[in-house]
Amino acid sequence: MADLTTDCAGIKSPNPFWIASGPPANTAYQVMRAFDAGWGGAVWKTIGEPIVNTSSRYGSVDLQNLRMMGLNNIELISDRPIEENLREIAEVKRRYPKHAVIASLMVESKREVWHEMVKRAEDAGADGLELNFGCPHGMSERGMGAAVGQVPEYTKLITSWVKEVARTPVLVKLTPNISDVTYMGVAAREGGADGISLINTINSIVGIDLDTLEPRPMVDGRSSHGGYCGPAVKPIALNMVSAIAKHPGIGIPISGIGGIATWQDAAEFLLLGASSLQVCTAVMHYGFRIVEDMIDGLANWMDAKGFPDLASVRGRSLGRVTDWGELNLNYKVVARIHAEKCIGCHLCYVACEDGAHQSIALAEGVKVPEVIEHKCVGCNLCMLVCPVPGCITMDEIPTGRAPQSWRAYQEALGKGIACELPGERPTH
């Protein structure tokens, strides 16, 4: 079986699956239950000066029969006393010395306050620290959360304060609510961070009740913007994880967060550069036991692919993520409809006719639509809307032309070299 032991920025755990900072990591009882279920680590729900949370605090977006495709929360950090949280961290570490316990911290932007909190968390036995610079909806008026994570100078400064006294690895948790996350990654690196966690939740309003006209979640007739998470945010998280992993000025380990619910999700984050994997929403939906399938699935996939350990998986797909201008414009695929699998729903025809390139024909009284190959641009839409797996495939068509990108074409023009426009057939 593949070796899943993990070292993320010096924080070691039996496997890469960590409970993310949030409701499932709010108490020692929960964290110990998670470890018993098989989780390798946990990032404690963010500790700071206790606050009062609202009574109504979660809202969700459903997609047809899928509940909680996206989860919105207006919950803030731990509402329990600091002393209680630290006492429980110490208890968990005594009972589970081989599991990773990371203290998530968010306090007022004062050097002495950060110094005190770091020392107290480490004295309690935390294996590492995660600096919460990403909460989009809480206490920005006190210079906390996203108010720090959206200003590179603040991120660098506070990280450097923490590193002045920290004895354990420091992860900086970045917000996605910014135009280019790499600026913040560079700032964290310059401040001395040992690793980066991302993404935190996305600023959002989850919806409006059309009967009462109240935003959700409703608190006495009103609501507020909150943090969006769950399966819906995974593509955004993958993009930002890859951006941080590829950036030459960062180069520190990544703890990936955002919509992870299956072993396949986990593998994708690892392939784009993550060293550990944090999960919250899926646990809130399905419970701690989901980690069993994650561990087995990831290990079996690694065995099938011949990957002996996580280091051999990490970042393997990064080289395939490139700028649009580097893509081969002479590569061509066209749709193929396999008649024996077609159920005659005609979704492919409707999608192509109304939403794409009018490349599928449907004769009256005919069950199986027909691809008009010379008009097909290979956009994939028909395959994506088809409800039957394998009914529509996108097959490569040899063009007989050498690979050529738009950037190479532009560079050749700039040098006065005659060349064909990428994607166009030569004319004679």
# chains A, B, ... in the order shown; residues from 1 in each chain; ligands from 1

$ residues_around --residues "region 342-350 of chain A" --least-positions-apart "3" --cutoff "10 Å" --atoms "only C-alpha atoms" --output "PyMOL selection string"
chain A and resi 337-339+353-356+358-362+366-371+381-392

$ atom_distance --atom1 "CA of Val148 (chain A)" --atom2 "CA of Asn177 (chain A)"
11.6 Å

$ atom_distance --atom1 "CA of Ala166 (chain A)" --atom2 "CA of Arg314 (chain A)"
27.2 Å

$ residues_around --residues "Val291 (chain A)" --least-positions-apart "5" --cutoff "8 Å" --atoms "only C-alpha atoms" --output "JSON, numbers by chain"
{"A": [17, 37, 38, 39]}

$ write_last_selection --atoms "N, CA and C atoms" --output "PDB file, in the first residue's frame"
ATOM      1  N   PHE A  17      -4.786  13.949   5.362  1.00  0.00           N
ATOM      2  CA  PHE A  17      -6.142  14.448   5.573  1.00  0.00           C
ATOM      3  C   PHE A  17      -6.279  15.099   6.941  1.00  0.00           C
ATOM      4  N   ALA A  37     -11.512   8.144  13.748  1.00  0.00           N
ATOM      5  CA  ALA A  37     -12.069   7.758  12.446  1.00  0.00           C
ATOM      6  C   ALA A  37     -10.986   7.596  11.382  1.00  0.00           C
ATOM      7  N   GLY A  38      -9.783   8.173  11.641  1.00  0.00           N
ATOM      8  CA  GLY A  38      -8.696   8.010  10.682  1.00  0.00           C
ATOM      9  C   GLY A  38      -8.059   9.276  10.171  1.00  0.00           C
ATOM     10  N   TRP A  39      -8.544  10.439  10.583  1.00  0.00           N
ATOM     11  CA  TRP A  39      -7.944  11.696  10.120  1.00  0.00           C
ATOM     12  C   TRP A  39      -6.522  11.833  10.666  1.00  0.00           C
TER      13      TRP A  39
END
